[in-house]
Every structure is written in structure tokens, then in C-alpha cells.
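Peer 1: Hey, dropping model.cif in here, mmCIF, C-alpha atoms and all ligand atoms:
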```cif
data_structure
#
loop_
_atom_site.label_atom_id
_atom_site.label_comp_id
_atom_site.auth_asym_id
_atom_site.auth_seq_id
_atom_site.Cartn_x
_atom_site.Cartn_y
_atom_site.Cartn_z
CA MET A 793 -16.34 -25.74 -2.50
CA THR A 794 -15.99 -24.99 1.20
CA ASN A 795 -13.71 -22.14 0.26
CA SER A 796 -16.17 -20.56 -2.14
CA PHE A 797 -18.99 -20.87 0.42
CA TYR A 798 -16.75 -19.18 2.96
CA THR A 799 -15.96 -16.38 0.48
CA ILE A 800 -19.68 -15.83 -0.23
CA TYR A 801 -20.42 -15.90 3.52
CA LYS A 802 -17.70 -13.32 4.18
CA LYS A 803 -18.76 -11.07 1.28
CA THR A 804 -22.42 -11.22 2.32
CA GLY A 805 -21.46 -10.36 5.90
CA TYR A 806 -19.40 -7.42 4.65
CA HIS A 807 -22.27 -6.00 2.57
CA ILE A 808 -24.91 -6.47 5.29
CA ARG A 809 -22.61 -4.75 7.79
CA ARG A 810 -21.96 -1.91 5.36
CA ILE A 811 -25.67 -1.32 4.75
CA GLY A 812 -26.25 -1.46 8.52
CA ILE A 813 -23.55 1.14 9.16
CA ASP A 814 -24.93 3.38 6.37
CA MET A 815 -28.49 3.21 7.70
CA THR A 816 -27.43 3.78 11.30
CA SER A 817 -25.24 6.73 10.34
CA ARG A 818 -28.02 8.25 8.22
CA PHE A 819 -31.02 7.78 10.48
CA LEU A 820 -29.69 8.01 14.02
CA ARG A 821 -28.86 11.46 15.30
CA ASN A 822 -26.45 10.02 17.82
CA ASN A 823 -23.66 8.60 15.65
CA TRP A 824 -22.73 6.03 18.32
CA LEU A 825 -21.21 3.57 15.85
CA LEU A 826 -18.49 6.07 15.05
CA ASN A 827 -17.88 7.41 18.56
CA ASP A 828 -14.29 7.94 19.66
CA ARG A 829 -12.89 5.01 21.65
CA PRO A 830 -9.47 3.79 22.89
CA GLY A 831 -7.43 2.12 20.20
CA LYS A 832 -4.73 2.33 17.53
CA CYS A 833 -4.87 2.15 13.74
CA ILE A 834 -2.26 2.57 11.02
CA LEU A 835 -4.16 3.76 7.97
CA LEU A 836 -2.55 2.83 4.64
CA TYR A 837 -2.91 4.88 1.46
CA HIS A 838 -1.20 4.47 -1.92
CA GLY A 839 -1.96 7.14 -4.50
CA ILE A 840 -3.83 10.43 -4.75
CA ASP A 841 -5.19 11.89 -7.98
CA LEU A 842 -7.48 14.78 -8.87
CA ILE A 843 -10.61 12.85 -9.83
CA GLY A 844 -10.65 9.56 -7.89
CA GLN A 845 -10.13 7.33 -10.95
CA THR A 846 -9.78 3.68 -9.92
CA SER A 847 -9.90 1.96 -13.30
CA ILE A 848 -6.15 2.40 -13.92
CA ASN A 849 -4.90 1.84 -10.39
CA SER A 850 -7.58 0.59 -8.01
CA ARG A 851 -5.87 1.92 -4.89
CA PHE A 852 -6.17 5.63 -5.66
CA ILE A 853 -8.50 8.21 -4.13
CA SER A 854 -9.01 11.85 -5.05
CA ALA A 855 -7.26 14.71 -3.27
CA GLN A 856 -10.69 16.00 -2.29
CA LEU A 857 -11.67 12.71 -0.63
CA PHE A 858 -8.28 12.45 1.10
CA ALA A 859 -8.76 15.94 2.57
CA GLN A 860 -12.34 15.09 3.57
CA GLN A 861 -11.20 11.90 5.34
CA LEU A 862 -8.40 13.73 7.17
CA ASP A 863 -10.76 16.52 8.26
CA PHE A 864 -13.20 13.98 9.68
CA LEU A 865 -10.47 11.95 11.42
CA GLN A 866 -8.80 15.06 12.83
CA LYS A 867 -12.11 16.37 14.16
CA HIS A 868 -13.24 13.17 15.86
CA TYR A 869 -10.10 11.16 16.71
CA HIS A 870 -6.43 11.57 17.62
CA LEU A 871 -4.03 11.73 14.67
CA VAL A 872 -0.41 10.92 15.54
CA SER A 873 2.82 10.19 13.68
CA LEU A 874 3.63 6.54 13.00
CA SER A 875 6.67 6.62 15.29
CA ASP A 876 4.54 8.01 18.15
CA LEU A 877 1.86 5.40 17.54
CA VAL A 878 4.22 2.41 17.66
CA SER A 879 6.16 3.76 20.64
CA ASP A 880 2.89 4.26 22.53
CA LYS A 881 3.10 8.05 22.68
CA ILE A 882 -0.65 8.11 22.32
CA ASP A 883 -3.80 9.25 24.09
CA PRO A 884 -4.95 6.07 25.86
CA ASP A 885 -8.57 7.25 25.98
CA ARG A 886 -8.92 7.94 22.26
CA MET A 887 -8.64 6.27 18.87
CA ASN A 888 -5.08 7.03 17.74
CA ILE A 889 -4.54 7.00 13.98
CA ALA A 890 -1.29 7.20 11.99
CA ILE A 891 -1.29 7.94 8.25
CA VAL A 892 1.08 6.05 5.94
CA PHE A 893 1.61 5.76 2.18
CA ASP A 894 3.17 2.84 0.28
CA ASP A 895 4.93 2.70 -3.10
CA GLY A 896 6.41 6.22 -3.33
CA TYR A 897 4.30 7.79 -6.06
CA ARG A 898 5.17 11.34 -7.13
CA ASN A 899 1.58 12.34 -6.33
CA ASN A 900 2.37 11.70 -2.64
CA LEU A 901 4.64 14.76 -2.76
CA GLN A 902 2.62 16.84 -5.20
CA LEU A 903 -0.91 16.23 -3.90
CA ALA A 904 -0.88 14.48 -0.51
CA LEU A 905 1.87 16.47 1.23
CA PRO A 906 0.26 19.94 0.79
CA ILE A 907 -3.01 18.54 2.24
CA LEU A 908 -1.12 17.06 5.22
CA GLU A 909 0.98 20.19 5.79
CA LYS A 910 -2.07 22.48 5.71
CA ARG A 911 -3.63 20.39 8.52
CA GLN A 912 -0.31 19.82 10.35
CA ILE A 913 -0.76 16.06 10.10
CA HIS A 914 2.31 13.83 9.91
CA ALA A 915 2.55 10.88 7.51
CA THR A 916 5.16 8.21 6.78
CA PHE A 917 5.97 7.34 3.16
CA PHE A 918 7.40 3.91 2.34
CA VAL A 919 9.39 4.01 -0.92
CA THR A 920 11.20 1.38 -3.00
CA ALA A 921 14.68 1.59 -4.50
CA ILE A 922 13.27 1.60 -8.06
CA ASN A 923 15.51 4.60 -8.90
CA HIS A 924 18.51 2.36 -8.20
CA THR A 925 17.33 -0.19 -10.80
CA GLN A 926 17.06 -0.16 -14.59
CA TYR A 927 13.26 0.17 -14.40
CA SER A 928 11.21 3.36 -14.36
CA MET A 929 7.91 1.83 -13.27
CA LEU A 930 6.95 -0.61 -10.49
CA TRP A 931 6.21 -4.05 -11.96
CA ALA A 932 2.58 -4.15 -10.80
CA ASP A 933 1.87 -0.74 -12.36
CA TYR A 934 3.55 -1.82 -15.58
CA LEU A 935 1.39 -4.93 -15.62
CA ASP A 936 -1.81 -2.94 -14.93
CA LEU A 937 -1.10 -0.37 -17.63
CA ALA A 938 0.08 -2.92 -20.17
CA SER A 939 -2.98 -5.08 -19.52
CA ASN A 940 -5.16 -2.03 -19.99
CA LEU A 941 -3.54 -0.99 -23.28
CA SER A 942 -2.81 -4.38 -24.88
CA HIS A 943 -5.19 -6.96 -26.27
CA ALA A 944 -2.93 -9.46 -28.03
CA LYS A 945 -2.04 -12.85 -26.63
CA ILE A 946 1.33 -12.75 -24.84
CA THR A 947 3.90 -15.30 -23.66
CA VAL A 948 5.59 -15.07 -20.25
CA GLY A 949 8.04 -17.69 -19.02
CA GLY A 950 7.02 -20.08 -21.80
CA ASP A 951 3.29 -19.90 -20.97
CA GLU A 952 0.63 -18.19 -23.05
CA TYR A 953 -1.68 -15.59 -21.50
CA ASN A 954 -4.95 -14.39 -23.02
CA LYS A 955 -6.88 -11.30 -22.00
CA LYS A 956 -10.29 -12.10 -20.54
CA ASN A 957 -12.46 -9.38 -18.95
CA GLY A 958 -9.44 -7.10 -18.84
CA VAL A 959 -7.19 -9.62 -17.05
CA TYR A 960 -4.40 -11.70 -18.58
CA LYS A 961 -4.80 -15.38 -17.60
CA ASN A 962 -2.98 -18.59 -18.51
CA VAL A 963 -4.66 -21.79 -19.73
CA HIS A 964 -5.27 -22.82 -16.11
CA GLY A 965 -7.19 -19.60 -15.45
CA VAL A 966 -4.47 -18.15 -13.21
CA SER A 967 -3.97 -14.41 -13.67
CA LEU A 968 -0.58 -13.03 -14.63
CA LYS A 969 -0.65 -10.85 -11.51
CA THR A 970 -1.14 -13.89 -9.28
CA MET A 971 1.70 -15.65 -11.09
CA CYS A 972 3.92 -12.62 -10.45
CA LYS A 973 3.00 -12.45 -6.76
CA THR A 974 3.79 -16.12 -6.28
CA HIS A 975 7.08 -16.11 -8.20
CA ASP A 976 10.37 -14.38 -7.52
CA TRP A 977 11.97 -11.52 -9.40
CA SER A 978 13.34 -13.71 -12.21
CA PHE A 979 9.70 -14.27 -13.28
CA LYS A 980 8.38 -10.78 -12.46
CA LYS A 981 11.01 -8.95 -14.50
CA LYS A 982 9.76 -10.71 -17.65
CA ILE A 983 6.65 -8.49 -17.40
CA TYR A 984 8.68 -5.53 -18.67
CA THR A 985 9.48 -7.26 -21.97
CA SER A 986 6.27 -9.23 -22.55
CA PHE A 987 4.16 -6.31 -23.78
CA PRO A 988 6.17 -4.89 -26.70
CA LYS A 989 3.49 -2.41 -27.72
CA ILE A 990 3.21 -0.49 -24.45
CA GLU A 991 6.34 1.63 -24.96
CA GLY A 992 5.69 5.07 -26.40
CA LEU A 993 1.93 5.00 -26.19
CA SER A 994 0.52 8.43 -25.51
CA GLN A 995 -1.66 7.15 -22.67
CA LEU A 996 1.45 6.47 -20.62
CA GLU A 997 2.13 10.18 -20.29
CA GLU A 998 -1.52 11.00 -19.84
CA TRP A 999 -1.73 8.43 -17.01
CA GLU A 1000 1.59 9.44 -15.42
CA ILE A 1001 -0.06 10.34 -12.12
CA TYR A 1002 -1.01 6.65 -11.68
CA TRP A 1003 2.50 5.22 -12.04
CA LYS A 1004 5.22 7.88 -11.82
CA THR A 1005 7.32 7.36 -8.72
CA LEU A 1006 9.38 9.94 -6.82
CA SER A 1007 12.83 10.85 -8.16
CA ASP A 1008 15.79 10.82 -5.77
CA GLU A 1009 15.54 14.61 -5.38
CA GLU A 1010 11.82 14.36 -4.65
CA ILE A 1011 12.37 11.66 -2.01
CA ILE A 1012 14.85 13.97 -0.26
CA LYS A 1013 12.42 16.90 -0.55
CA LEU A 1014 9.57 14.82 0.91
CA ASP A 1015 11.71 13.61 3.82
CA LYS A 1016 12.69 17.20 4.66
CA SER A 1017 9.09 18.20 5.35
CA LYS A 1018 8.23 18.57 9.01
CA TYR A 1019 5.12 16.49 8.30
CA ALA A 1020 6.73 13.60 6.40
CA SER A 1021 9.16 10.76 7.05
CA VAL A 1022 10.48 8.44 4.36
CA GLU A 1023 11.09 4.75 5.11
CA LEU A 1024 11.70 1.59 3.09
CA HIS A 1025 9.35 -0.53 0.94
CA GLY A 1026 11.72 -3.09 -0.62
CA TYR A 1027 14.08 -2.89 -3.58
CA TYR A 1028 12.00 -3.70 -6.67
CA HIS A 1029 8.72 -4.05 -4.71
CA GLU A 1030 9.40 -7.79 -4.73
CA ASN A 1031 7.35 -10.39 -2.84
CA LEU A 1032 9.80 -11.37 -0.12
CA ASP A 1033 8.09 -14.63 0.78
CA VAL A 1034 8.60 -16.34 -2.59
CA CYS A 1035 12.36 -15.89 -3.00
CA SER A 1036 15.06 -17.57 -0.92
CA HIS A 1037 15.81 -16.06 2.48
CA THR A 1038 19.32 -15.17 1.29
CA GLU A 1039 17.91 -13.35 -1.73
CA ALA A 1040 15.34 -11.51 0.41
CA VAL A 1041 18.09 -10.31 2.77
CA ARG A 1042 20.30 -9.31 -0.17
CA LEU A 1043 17.52 -7.20 -1.74
CA ILE A 1044 16.60 -5.49 1.53
CA THR A 1045 20.26 -4.77 2.28
CA MET A 1046 20.72 -3.16 -1.16
CA ALA A 1047 17.55 -1.12 -0.71
CA LYS A 1048 18.56 0.02 2.78
CA HIS A 1049 21.99 1.15 1.54
CA TYR A 1050 20.37 3.06 -1.33
CA LEU A 1051 17.90 4.93 0.88
CA GLU A 1052 20.35 5.63 3.70
CA ASN A 1053 22.87 6.98 1.23
CA LEU A 1054 20.15 9.18 -0.29
CA LEU A 1055 18.75 10.51 3.00
CA GLN A 1056 22.10 10.56 4.82
CA ARG A 1057 20.58 8.95 7.89
CA GLU A 1058 19.74 5.54 9.26
CA VAL A 1059 16.52 3.93 7.97
CA GLN A 1060 14.90 1.91 10.74
CA SER A 1061 11.48 0.99 9.35
CA ILE A 1062 10.37 -1.26 6.52
CA ALA A 1063 6.91 -1.98 5.13
CA PHE A 1064 7.00 -5.34 3.37
CA PRO A 1065 5.95 -5.01 -0.30
CA ASP A 1066 2.55 -6.58 -0.95
CA GLY A 1067 2.45 -7.37 2.79
CA ALA A 1068 4.58 -10.49 2.13
CA TYR A 1069 7.17 -11.67 4.65
CA THR A 1070 8.34 -14.71 6.65
CA ARG A 1071 9.02 -15.10 10.36
CA ASP A 1072 12.74 -15.57 9.56
CA LEU A 1073 12.71 -12.28 7.67
CA ILE A 1074 11.37 -10.41 10.71
CA GLN A 1075 14.39 -11.61 12.67
CA SER A 1076 16.89 -10.83 9.87
CA CYS A 1077 15.40 -7.36 9.32
CA PHE A 1078 15.60 -6.69 13.05
CA GLU A 1079 19.28 -7.66 13.02
CA MET A 1080 19.77 -5.30 10.05
CA GLY A 1081 18.48 -2.41 12.15
CA PHE A 1082 14.81 -2.34 11.22
CA LYS A 1083 13.36 -1.79 14.66
CA LYS A 1084 9.86 -1.42 13.26
CA GLN A 1085 8.39 -3.53 10.49
CA TYR A 1086 4.99 -3.24 8.85
CA ALA A 1087 2.67 -5.84 7.38
CA VAL A 1088 -0.78 -5.35 5.90
CA ASP A 1089 -2.54 -8.26 7.61
CA TYR A 1090 -0.58 -10.34 10.11
CA LEU A 1091 0.44 -13.58 8.38
CA PHE A 1092 1.47 -15.67 11.42
CA PRO A 1093 -0.30 -16.11 14.81
CA GLU A 1094 2.80 -15.05 16.78
CA ASP A 1095 2.94 -11.69 14.93
CA LYS A 1096 0.17 -10.28 17.12
CA THR A 1097 2.38 -10.33 20.19
CA ASP A 1098 5.65 -9.50 18.39
CA PRO A 1099 6.47 -5.81 19.08
CA ARG A 1100 8.67 -5.66 15.95
CA ILE A 1101 5.80 -5.99 13.46
CA HIS A 1102 2.55 -4.06 13.07
CA SER A 1103 -0.49 -4.61 10.86
CA ARG A 1104 -2.03 -1.81 8.80
CA LEU A 1105 -5.52 -1.12 7.46
CA THR A 1106 -5.65 -0.29 3.74
CA ILE A 1107 -8.23 2.36 2.88
CA ASN A 1108 -11.01 1.21 0.59
CA PRO A 1109 -11.54 3.65 -2.32
CA PHE A 1110 -14.90 2.02 -3.10
CA THR A 1111 -16.66 2.64 0.19
CA ASN A 1112 -18.23 5.68 1.86
CA LEU A 1113 -16.92 7.77 4.74
CA SER A 1114 -19.02 6.27 7.54
CA HIS A 1115 -18.12 2.70 6.57
CA GLN A 1116 -14.45 3.67 6.14
CA VAL A 1117 -14.41 5.21 9.63
CA TRP A 1118 -16.19 2.17 11.10
CA ALA A 1119 -13.47 -0.02 9.55
CA ILE A 1120 -10.75 2.19 11.08
CA LEU A 1121 -12.35 2.00 14.53
CA ASN A 1122 -12.73 -1.79 14.31
CA ASN A 1123 -9.58 -2.55 12.30
CA LYS A 1124 -11.53 -4.60 9.76
CA TYR A 1125 -14.03 -4.21 6.94
ZN ZN A 1201 3.46 -1.57 -2.15
#
```
Now that the file is in, can you turn its structure into C-alpha cells?
Ligand SMILES: [Zn+2]

Peer 2:
Amino acid sequence: MTNSFYTIYKKTGYHIRRIGIDMTSRFLRNNWLLNDRPGKCILLYHGIDLIGQTSINSRFISAQLFAQQLDFLQKHYHLVSLSDLVSDKIDPDRMNIAIVFDDGYRNNLQLALPILEKRQIHATFFVTAINHTQYSMLWADYLDLASNLSHAKITVGGDEYNKKNGVYKNVHGVSLKTMCKTHDWSFKKKIYTSFPKIEGLSQLEEWEIYWKTLSDEEIIKLDKSKYASVELHGYYHENLDVCSHTEAVRLITMAKHYLENLLQREVQSIAFPDGAYTRDLIQSCFEMGFKKQYAVDYLFPEDKTDPRIHSRLTINPFTNLSHQVWAILNNKY
């Protein structure tokens, strides 16, 4: 009960703030809410498409909106590379912003890179080692697409899941996605065989932009751009806080070997898939050579003062430019 009150309180606060920012931006000539100020922000994107469709993958924005956001940020603030931002090669009097992408979608190369190159803005792309596995699609994308295209009751790990309001849930009302995020790979991999009808459906090709990840050759091509660096985002895109520490280290080691072999250089940064990590994993990753590690939100109080790990702000495809910029400047929504 307390939890749901807190959620309502937080959501109400968010919407009131958003309306306030909108009204202030619209009616005041002096846009003081969005004025440049000292600070740092790592801005996290996932996918770019041509139309800004969020019903298939809710973390996508259109190429046009991406360009519009970059133009605004470049005009008003200081855009820097991620490595410059975390090594404090910044302008101390301005808001310093680094652009990053997670998950390694092909559209990062095809749509995002030309927009970045045209503006001479550097971005870092965190990719998985999915090409080194038997799977051709990240598990969460497979689950999203399969849930979209299937309607029949399914069984995963001995439990039945029924589709309600577009989401597969078990008898306890827990979504299949939540079950995946809270269980290790031995559960997650069952997703790929639980929706027998998804294979071969024409929509899969039509929706390729929302799930197709970079090939090995494309990862190399992306990394060769003057305005792109490729770093690591796990092996299967597994949640590293729900498997054993030994298993987490094993998966990261395999992924690091794959990417270093591909790029023929050392890989020194990792963004934890789904923002999930443990304090022990920070130490083990550091010993493995990951000098810089990236969360989404910090998960432990000591992370804030730990120079090895940095939080990132995920862009919100459902909000407007002034609210998005306010969130960047304040590092929260
Ligand atoms: Zn991810």
C-alpha cells in the first residue's frame, strides 16, 4: 500500500513538473529553466528508426527527433566524447554531455552514425556478443516481438502464461519479462522456444529495424568511424545480478575476448545490461581491465563516490524537447 502511494506520489510529481516546464518554456521569453550550467550527463539512447514508432520497441526515437535533439544540445551545451567526460576533459563552466547507445542495433550504424558524423559529434556504442552465440535476436526483443505476434497461452519453465493487455503474465500476475529479468540465462533462453509460431512470420522482416543487431563486419565498420567507439554490453544481454558471481565473470570474460578479437584492441569499458550489477562485479570487472563501467541508475550508495562506475540518463521517447533537456540538466525526470 505504502509502495503504491509512493508510486502515485512520484508519478504525480513527474507530471506536474513536466507541465510546469512546458508552460515556463512556452510563455517565458527568457528560457531560464534550460540555461547552460556546470555539470555532466551521459545520455543513453537505444534505437533509431524513420518514424518514431514505439509500439514494437518502446526505446526508439525517429532519426528526425535524434537530429533535432543533437542540434539543440550542440547549440546550447558542450557535447564531448564519453572518454573525455569520464576523464574530466570537460568545460567546467558548462553542461557537458556525452552520447551513448546500448544494445548494438544495426540502425545505430545506418541511421545514427550519419547524423553524428554530419555534426562531428562523438558517440560510444555498447554492443553484446550475440554474434558469438546461437541466437540472432536479443532475448528482450524476441520476447517483445513474440508477445506482439502471438495470442495463445504459452508455457515457460513449467508455468503457464496468458496474454493480458498485450503482456504475457503467469497466474500470480507476474509478467514474463519480469520473470526473465529476475532469473538467469537458463530461464531466459527458454523464451526462444516458447513461441513456436513466431518463426517465419512476415512481420519479422518488416520490423527488422527494431531488432536487427550489427554483424561482426558492421561492428568493425562502426568502430572505425572517427565519431564512434565500440565497447561492451555483456554476452547475451544477461542480467548480471541474478546469476552467480562466477557465472557473471565467465560471461563477461567470454564477451570481452569476442569483442577484443573482433576489434583487435583492448576493450576497457562495459555498460551493464539492463543496468544490473553487484558491488563484487565492479571489482572483478576492474581486475579484468574494465577501467570504466556504466550503470543506468546507481544501485548502491557507495557507487556515487566510486570513480569506476558512472550512471547514465536514458532518453524518454514519450516526452517533449524542453522536458527532455530539463531532465538532462538535472539528471532526473
Ligand atoms: Zn541493453

Peer 1: With only C-alpha atoms and all ligand atoms as the atoms that count, which of A:Gln845, A:Gln926, A:Thr1106, A:Ser1061 lies nearest to ligand ZN 1201 (chain A)?

Peer 2: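 With only C-alpha atoms and all ligand atoms as the atom set, the closest residue is A:Thr1106.
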
Peer 1: Could you jot down the atom CA of Lys910 of chain A to atom CA of Asn1108 of chain A separation for me, Å, one decimal place?

Peer 2: 23.6 Å

Peer 1: Work out how far atom CA of Lys955 of chain A is from atom CA of Ser967 of chain A, in Å to one decimal.

Peer 2: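 Separating atom CA of Ser967 of chain A from atom CA of Lys955 of chain A is a distance of 9.4 Å.
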
Peer 1: May I ask you to write as a list in words all residues lying at most 10 Å from ligand ZN 1201 (chain A), with only C-alpha atoms and all ligand atoms counted?

Peer 2: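 If we count only C-alpha atoms and all ligand atoms, the neighbours of ligand ZN 1201 (chain A) turn out to be Tyr837, His838, Phe893, Asp894, Asp895, Gly896, Phe918, Val919, Thr920, Leu930, Ala932, His1025, Gly1026, Tyr1028, His1029, Glu1030, Asn1031, Ala1063, Phe1064, Pro1065, Asp1066, Gly1067, Ala1068 and Val1088 of chain A.
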
Peer 1: Set out as JSON lines a contact list for segment 953-1033 of chain A and segment 1054-1057 of chain A with a cut-off of 12 Å, giving each residue of segment 953-1033 of chain A that qualifies its closest atom pair and distance in Å to one decimal, counting only C-alpha atoms, ordered by chain and rising residue number.

Peer 2:
```
{"residue": "A:Ser1007", "atom": "CA", "partner": "A:Leu1054", "partner_atom": "CA", "distance": 10.9}
{"residue": "A:Asp1008", "atom": "CA", "partner": "A:Leu1054", "partner_atom": "CA", "distance": 7.2}
{"residue": "A:Glu1009", "atom": "CA", "partner": "A:Leu1054", "partner_atom": "CA", "distance": 8.8}
{"residue": "A:Glu1010", "atom": "CA", "partner": "A:Leu1054", "partner_atom": "CA", "distance": 10.7}
{"residue": "A:Ile1011", "atom": "CA", "partner": "A:Leu1055", "partner_atom": "CA", "distance": 8.2}
{"residue": "A:Ile1012", "atom": "CA", "partner": "A:Leu1055", "partner_atom": "CA", "distance": 6.1}
{"residue": "A:Lys1013", "atom": "CA", "partner": "A:Leu1055", "partner_atom": "CA", "distance": 9.7}
{"residue": "A:Leu1014", "atom": "CA", "partner": "A:Leu1055", "partner_atom": "CA", "distance": 10.4}
{"residue": "A:Asp1015", "atom": "CA", "partner": "A:Leu1055", "partner_atom": "CA", "distance": 7.7}
{"residue": "A:Lys1016", "atom": "CA", "partner": "A:Leu1055", "partner_atom": "CA", "distance": 9.2}
{"residue": "A:Ser1021", "atom": "CA", "partner": "A:Leu1055", "partner_atom": "CA", "distance": 10.4}
{"residue": "A:Val1022", "atom": "CA", "partner": "A:Leu1055", "partner_atom": "CA", "distance": 8.6}
{"residue": "A:Glu1023", "atom": "CA", "partner": "A:Leu1055", "partner_atom": "CA", "distance": 9.8}
{"residue": "A:Leu1024", "atom": "CA", "partner": "A:Leu1055", "partner_atom": "CA", "distance": 11.4}
```

Peer 1: Give me, please, the distance in Å between atom CA of Asp814 of chain A and atom CA of Leu1113 of chain A, quoted to one decimal.

Peer 2: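 If I compute the distance from atom CA of Asp814 of chain A to atom CA of Leu1113 of chain A, I get 9.3 Å.
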
Peer 1: In the coordinates of the file, take the point (-18.5, 9.9, -1.8) and a cut-off of 12 Å; then, counting all atoms listed in the file, name each qualifying protein, DNA or RNA residue as a list of chain:residue names.

Peer 2: A:Ile843, A:Gly844, A:Ile853, A:Ser854, A:Gln856, A:Leu857, A:Phe858, A:Gln860, A:Gln861, A:Asn1108, A:Pro1109, A:Phe1110, A:Thr1111, A:Asn1112, A:Leu1113, A:Ser1114, A:His1115, A:Gln1116

Peer 1: Find the residues near Glu1039 of chain A: any atom within 12 Å, counting only C-alpha atoms, skip ones fewer than 2 places away on the same chain, and give them as a list in words.

Peer 2: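 The residues that qualify are Asp976, Trp977, Ser978, Tyr1027, Glu1030, Asn1031, Leu1032, Asp1033, Val1034, Cys1035, Ser1036, His1037, Val1041, Arg1042, Leu1043, Ile1044, Thr1045, Met1046, Leu1073 and Ser1076 of chain A.
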
Peer 1: Take the residues just selected and output them with C-alpha atoms as a tab-separated table (two decimals), in the coordinates of the input.

Peer 2:
```tsv
chain	number	residue	atom	x	y	z
A	976	ASP	CA	10.37	-14.38	-7.52
A	977	TRP	CA	11.97	-11.52	-9.40
A	978	SER	CA	13.34	-13.71	-12.21
A	1027	TYR	CA	14.08	-2.89	-3.58
A	1030	GLU	CA	9.40	-7.79	-4.73
A	1031	ASN	CA	7.35	-10.39	-2.84
A	1032	LEU	CA	9.80	-11.37	-0.12
A	1033	ASP	CA	8.09	-14.63	0.78
A	1034	VAL	CA	8.60	-16.34	-2.59
A	1035	CYS	CA	12.36	-15.89	-3.00
A	1036	SER	CA	15.06	-17.57	-0.92
A	1037	HIS	CA	15.81	-16.06	2.48
A	1041	VAL	CA	18.09	-10.31	2.77
A	1042	ARG	CA	20.30	-9.31	-0.17
A	1043	LEU	CA	17.52	-7.20	-1.74
A	1044	ILE	CA	16.60	-5.49	1.53
A	1045	THR	CA	20.26	-4.77	2.28
A	1046	MET	CA	20.72	-3.16	-1.16
A	1073	LEU	CA	12.71	-12.28	7.67
A	1076	SER	CA	16.89	-10.83	9.87
```

Peer 1: Within 9 Å of (5.7, 13.0, -9.4), in the coordinates the file gives, what residues turn up when you count only C-alpha atoms, written out as a ChimeraX atom specification?

Peer 2: /A:897-902,1000-1001,1003-1007,1010

Peer 1: Go through A:Trp999, A:Tyr953, A:Tyr1050, A:Trp931 and flag the residue nearest Leu842 of chain A, using only C-alpha atoms for the distances.

Peer 2: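 Nearest to Leu842 of chain A: A:Trp999.
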
Peer 1: When you count all atoms listed in the file, which of these residues is closest to Asn849 of chain A: A:Ala938, A:Leu877, A:Met815, A:Val1059?

Peer 2: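 Looking only at the distances to Asn849 of chain A, the closest residue turns out to be A:Ala938.
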
Peer 1: Residues at most 10 Å from Asn827 of chain A, counting all atoms listed in the file, excluding those fewer than 5 positions away in the same chain, as a VMD selection string?

Peer 2: chain A and resid 822 868 to 869 886 to 887 1117 to 1118 1121

Peer 1: Given the choices A:Ala855, A:Val872, A:Met929, A:Ile889, which gets closest to Leu903 of chain A if the distance is worked out from all atoms listed in the file?

Peer 2: A:Ala855

Peer 1: N, CA and C atoms are what I want for segment 923-937 of chain A; can you complete it accordingly and write them as a PDB file, in the frame of the given file?

Peer 2:
```
ATOM      1  N   ASN A 923      14.573   3.684  -8.232  1.00  0.00           N
ATOM      2  CA  ASN A 923      15.510   4.600  -8.900  1.00  0.00           C
ATOM      3  C   ASN A 923      16.920   4.011  -9.011  1.00  0.00           C
ATOM      4  N   HIS A 924      17.190   2.991  -8.213  1.00  0.00           N
ATOM      5  CA  HIS A 924      18.510   2.360  -8.200  1.00  0.00           C
ATOM      6  C   HIS A 924      18.554   1.184  -9.176  1.00  0.00           C
ATOM      7  N   THR A 925      17.423   0.934  -9.868  1.00  0.00           N
ATOM      8  CA  THR A 925      17.330  -0.190 -10.800  1.00  0.00           C
ATOM      9  C   THR A 925      17.265   0.341 -12.234  1.00  0.00           C
ATOM     10  N   GLN A 926      17.162  -0.569 -13.186  1.00  0.00           N
ATOM     11  CA  GLN A 926      17.060  -0.160 -14.590  1.00  0.00           C
ATOM     12  C   GLN A 926      15.622   0.168 -14.983  1.00  0.00           C
ATOM     13  N   TYR A 927      14.673   0.012 -14.052  1.00  0.00           N
ATOM     14  CA  TYR A 927      13.260   0.170 -14.400  1.00  0.00           C
ATOM     15  C   TYR A 927      12.725   1.535 -13.952  1.00  0.00           C
ATOM     16  N   SER A 928      11.750   2.047 -14.714  1.00  0.00           N
ATOM     17  CA  SER A 928      11.210   3.360 -14.360  1.00  0.00           C
ATOM     18  C   SER A 928       9.788   3.252 -13.818  1.00  0.00           C
ATOM     19  N   MET A 929       9.280   2.020 -13.731  1.00  0.00           N
ATOM     20  CA  MET A 929       7.910   1.830 -13.270  1.00  0.00           C
ATOM     21  C   MET A 929       7.860   0.571 -12.411  1.00  0.00           C
ATOM     22  N   LEU A 930       7.095   0.587 -11.327  1.00  0.00           N
ATOM     23  CA  LEU A 930       6.950  -0.610 -10.490  1.00  0.00           C
ATOM     24  C   LEU A 930       6.287  -1.714 -11.318  1.00  0.00           C
ATOM     25  N   TRP A 931       6.682  -2.960 -11.080  1.00  0.00           N
ATOM     26  CA  TRP A 931       6.210  -4.050 -11.960  1.00  0.00           C
ATOM     27  C   TRP A 931       4.685  -4.171 -11.990  1.00  0.00           C
ATOM     28  N   ALA A 932       4.037  -3.973 -10.849  1.00  0.00           N
ATOM     29  CA  ALA A 932       2.580  -4.150 -10.800  1.00  0.00           C
ATOM     30  C   ALA A 932       1.873  -3.045 -11.599  1.00  0.00           C
ATOM     31  N   ASP A 933       2.443  -1.830 -11.568  1.00  0.00           N
ATOM     32  CA  ASP A 933       1.870  -0.740 -12.360  1.00  0.00           C
ATOM     33  C   ASP A 933       2.079  -0.989 -13.845  1.00  0.00           C
ATOM     34  N   TYR A 934       3.269  -1.488 -14.177  1.00  0.00           N
ATOM     35  CA  TYR A 934       3.550  -1.820 -15.580  1.00  0.00           C
ATOM     36  C   TYR A 934       2.549  -2.857 -16.073  1.00  0.00           C
ATOM     37  N   LEU A 935       2.324  -3.866 -15.245  1.00  0.00           N
ATOM     38  CA  LEU A 935       1.390  -4.930 -15.620  1.00  0.00           C
ATOM     39  C   LEU A 935      -0.040  -4.384 -15.773  1.00  0.00           C
ATOM     40  N   ASP A 936      -0.469  -3.528 -14.849  1.00  0.00           N
ATOM     41  CA  ASP A 936      -1.810  -2.940 -14.930  1.00  0.00           C
ATOM     42  C   ASP A 936      -1.985  -2.109 -16.201  1.00  0.00           C
ATOM     43  N   LEU A 937      -0.995  -1.249 -16.457  1.00  0.00           N
ATOM     44  CA  LEU A 937      -1.100  -0.370 -17.630  1.00  0.00           C
ATOM     45  C   LEU A 937      -1.017  -1.164 -18.922  1.00  0.00           C
TER      46      LEU A 937
END
```
